[in-house]
Amino acid sequence: MSTATATGMRGQAGNGSALLLVLKLRTFIALIAVTLFFALMAPNFVSVANAVIISKHVAINAILAIGMTYVILTGGIDLSVGSIVGLTGMVAGGLLVHGMPLAMFGVVIYPNVVEVILIALFVGTAIGAINGLLITKLGVAPFIATLGTLYVARGAALLLSGGATFSNLVGKPELGNQGYPVIGSGNLFGVPISVLILVLMALVAAYVAQRTPFGRKVYAVGGNERAAALSGVRVDRVKIAVYMISGFCAAVVGLIVSSQLVASHPASGETFELNAIAAAVLGGTSLSGGRGLIGGTIVGAFVIGVLSDGLVMMGVSEFWQMVIKGLVIIAAVVLDQLQRRLAANTRQG
């Protein structure tokens, strides 16, 4: 009787471990499933040209999701990234088209492309720093703080041009500001530059998160903020840093999007924050903080990208696409909670 009971318990433990493994690999399984589905259902889905298009779309979402992952790992959220995308794109477009007027000297300075990029990156990072300061120094909840900067950044983007678009961002030879479209549309050894930027940023982000003291502090803050503070972690500095990283990533996306379109529009980046959050959650990042991997986020971004492009190729209505994405996000959160409970039961067993 005791032998049979022990055997049954081992069998249940084995089944639980197998289910736990499946849940841990759910993002990879989902990516394989949606890829196979659209390969069978959507004409021309499996082609080099379509793979390049999907990779460009994924790069935009994945870069944004990298910064979002850092924020979520600390138990926060950043709703302002979409607006930062629009604002930094408008900053870059305005500098290329109208330059920097210096009224007191009666001159206009036209920065070169490298300087335009650096200025736009600074703007995005600075907004991230403001988010971090609002949350840490003024005690504003992350949701409210970043919701406020969402509106401020979007309003600033509209004010820069009065709601108009900065078009034809190719620069002029006499001004020395040509070459901007290369960022989003150029290729290096046949690979889109935006994808190469993603690969570089993903490798750096993964290394920092897993192999550096800062990365360990990020996980510690998200796992137990009070315990992290008692162990000597400067929690406020870590939180400010992750919001700066998120703002920086959003600025990179703003540059890529505006250079791809060769135009800057103040509405660019709307709802981008939702896709970034979805990619992080699908990739296994816990919304409660302290658990998640950059690699998982990248796979989650591929799931979102393949799903979006596949639905478009099948002619599915944009409204139904929103419904499907929402259901996918809900399913991801439910499976994450199931994984946590199952892992806890397995440890107790």
# chains A, B, ... in the order shown; residues from 1 in each chain; ligands from 1
>>> residues_around(residues="segment 317-328 of chain A", least_positions_apart="3", cutoff="10 Å", atoms="only C-alpha atoms", output="MDAnalysis selection string")
chainID A and resid 274:275 278 282 303:304 307:308 311:312 314 331:334
>>> write_last_selection(atoms="N, CA and C atoms", output="CSV table (one decimal), in the first residue's frame")
chain,number,residue,atom,x,y,z
A,274,LEU,N,1.6,49.4,-25.4
A,274,LEU,CA,0.8,48.2,-25.2
A,274,LEU,C,1.5,47.0,-25.8
A,275,ASN,N,2.0,47.1,-27.0
A,275,ASN,CA,2.8,46.0,-27.6
A,275,ASN,C,4.0,45.7,-26.8
A,278,ALA,N,3.0,43.8,-23.8
A,278,ALA,CA,2.5,42.5,-24.2
A,278,ALA,C,3.7,41.6,-24.5
A,282,LEU,N,4.4,38.2,-22.5
A,282,LEU,CA,4.4,36.9,-23.2
A,282,LEU,C,5.8,36.2,-23.1
A,303,VAL,N,6.5,36.7,-31.3
A,303,VAL,CA,5.1,36.2,-31.3
A,303,VAL,C,4.1,37.3,-31.7
A,304,ILE,N,4.3,38.5,-31.1
A,304,ILE,CA,3.4,39.6,-31.5
A,304,ILE,C,3.6,40.0,-32.9
A,307,LEU,N,2.2,37.3,-35.3
A,307,LEU,CA,0.7,37.3,-35.2
A,307,LEU,C,0.2,38.5,-35.9
A,308,SER,N,0.7,39.7,-35.7
A,308,SER,CA,0.2,40.9,-36.4
A,308,SER,C,0.3,40.8,-37.9
A,311,LEU,N,-2.0,38.0,-39.4
A,311,LEU,CA,-3.4,38.4,-39.5
A,311,LEU,C,-3.6,39.4,-40.6
A,312,VAL,N,-2.7,40.3,-40.8
A,312,VAL,CA,-2.8,41.3,-41.9
A,312,VAL,C,-2.8,40.5,-43.3
A,314,MET,N,-3.7,37.6,-43.9
A,314,MET,CA,-4.9,36.8,-44.0
A,314,MET,C,-6.2,37.7,-44.3
A,331,ALA,N,-4.3,35.5,-21.8
A,331,ALA,CA,-3.8,34.1,-21.7
A,331,ALA,C,-2.4,34.0,-21.1
A,332,ALA,N,-1.6,34.9,-21.6
A,332,ALA,CA,-0.2,34.9,-21.1
A,332,ALA,C,-0.1,35.2,-19.6
A,333,VAL,N,-0.9,36.1,-19.1
A,333,VAL,CA,-0.9,36.4,-17.6
A,333,VAL,C,-1.5,35.2,-16.9
A,334,VAL,N,-2.6,34.6,-17.4
A,334,VAL,CA,-3.2,33.5,-16.7
A,334,VAL,C,-2.1,32.3,-16.6
>>> closest_residue(among="A:Val152, A:Val191, A:Met104, A:Ile256", to="Val48 of chain A", atoms="only C-alpha atoms")
A:Val191
>>> atom_distance(atom1="atom CA of Asn131 of chain A", atom2="atom CA of Gln260 of chain A")
28.0 Å
>>> atom_distance(atom1="atom CA of Leu160 of chain A", atom2="atom CA of Phe248 of chain A")
20.1 Å
>>> atom_distance(atom1="atom CA of Phe122 of chain A", atom2="atom CA of Ile183 of chain A")
17.3 Å
>>> closest_residue(among="A:Val81, A:Ile298, A:Ala18, A:Val123", to="Thr146 of chain A", atoms="only C-alpha atoms")
A:Val81
>>> decode(residues="segment 245-274 of chain A", atoms="N, CA and C atoms", output="compact mmCIF listing (two decimals), in the first residue's frame")
# COMPACT_ATOMS: atom_id res chain seq x y z
N ILE A 245 16.66 53.88 -18.97
CA ILE A 245 16.88 52.86 -20.00
C ILE A 245 15.65 52.75 -20.90
N SER A 246 14.47 52.76 -20.28
CA SER A 246 13.23 52.68 -21.05
C SER A 246 13.08 53.88 -21.98
N GLY A 247 13.39 55.08 -21.47
CA GLY A 247 13.32 56.28 -22.30
C GLY A 247 14.32 56.25 -23.44
N PHE A 248 15.51 55.74 -23.17
CA PHE A 248 16.54 55.61 -24.20
C PHE A 248 16.06 54.66 -25.31
N CYS A 249 15.53 53.50 -24.91
CA CYS A 249 15.03 52.54 -25.91
C CYS A 249 13.91 53.14 -26.74
N ALA A 250 13.02 53.92 -26.11
CA ALA A 250 11.94 54.56 -26.84
C ALA A 250 12.48 55.58 -27.84
N ALA A 251 13.54 56.29 -27.45
CA ALA A 251 14.15 57.25 -28.36
C ALA A 251 14.76 56.56 -29.57
N VAL A 252 15.38 55.40 -29.34
CA VAL A 252 15.94 54.63 -30.46
C VAL A 252 14.83 54.26 -31.44
N VAL A 253 13.70 53.81 -30.90
CA VAL A 253 12.57 53.45 -31.76
C VAL A 253 12.04 54.67 -32.50
N GLY A 254 11.99 55.82 -31.83
CA GLY A 254 11.54 57.05 -32.48
C GLY A 254 12.41 57.40 -33.67
N LEU A 255 13.72 57.22 -33.54
CA LEU A 255 14.65 57.48 -34.64
C LEU A 255 14.43 56.48 -35.78
N ILE A 256 14.26 55.22 -35.44
CA ILE A 256 14.07 54.19 -36.47
C ILE A 256 12.78 54.43 -37.26
N VAL A 257 11.69 54.69 -36.54
CA VAL A 257 10.39 54.87 -37.20
C VAL A 257 10.41 56.09 -38.12
N SER A 258 10.91 57.22 -37.63
CA SER A 258 10.92 58.43 -38.45
C SER A 258 11.86 58.30 -39.64
N SER A 259 12.97 57.58 -39.47
CA SER A 259 13.88 57.40 -40.59
C SER A 259 13.32 56.42 -41.62
N GLN A 260 12.57 55.42 -41.17
CA GLN A 260 11.92 54.50 -42.11
C GLN A 260 10.90 55.24 -42.97
N LEU A 261 10.13 56.11 -42.33
CA LEU A 261 9.08 56.86 -43.04
C LEU A 261 9.64 58.08 -43.77
N VAL A 262 10.88 58.45 -43.46
CA VAL A 262 11.50 59.68 -43.94
C VAL A 262 10.59 60.86 -43.61
N ALA A 263 9.92 60.76 -42.48
CA ALA A 263 9.01 61.81 -42.02
C ALA A 263 8.74 61.61 -40.53
N SER A 264 8.47 62.70 -39.85
CA SER A 264 8.13 62.64 -38.43
C SER A 264 6.71 63.15 -38.24
N HIS A 265 5.89 62.34 -37.59
CA HIS A 265 4.51 62.73 -37.32
C HIS A 265 4.29 62.71 -35.81
N PRO A 266 3.62 63.71 -35.25
CA PRO A 266 3.44 63.78 -33.79
C PRO A 266 2.63 62.63 -33.20
N ALA A 267 1.86 61.92 -34.05
CA ALA A 267 1.06 60.81 -33.55
C ALA A 267 1.81 59.48 -33.60
N SER A 268 3.05 59.48 -34.08
CA SER A 268 3.82 58.24 -34.15
C SER A 268 3.97 57.63 -32.76
N GLY A 269 3.91 56.32 -32.71
CA GLY A 269 4.12 55.62 -31.45
C GLY A 269 2.87 55.39 -30.62
N GLU A 270 1.72 55.81 -31.12
CA GLU A 270 0.48 55.59 -30.35
C GLU A 270 0.24 54.10 -30.17
N THR A 271 -0.07 53.69 -28.96
CA THR A 271 -0.32 52.31 -28.52
C THR A 271 0.93 51.42 -28.55
N PHE A 272 2.10 51.99 -28.87
CA PHE A 272 3.32 51.18 -28.87
C PHE A 272 3.59 50.60 -27.49
N GLU A 273 3.22 51.34 -26.44
CA GLU A 273 3.48 50.87 -25.08
C GLU A 273 2.74 49.57 -24.79
N LEU A 274 1.57 49.41 -25.40
CA LEU A 274 0.79 48.19 -25.17
C LEU A 274 1.48 46.98 -25.79
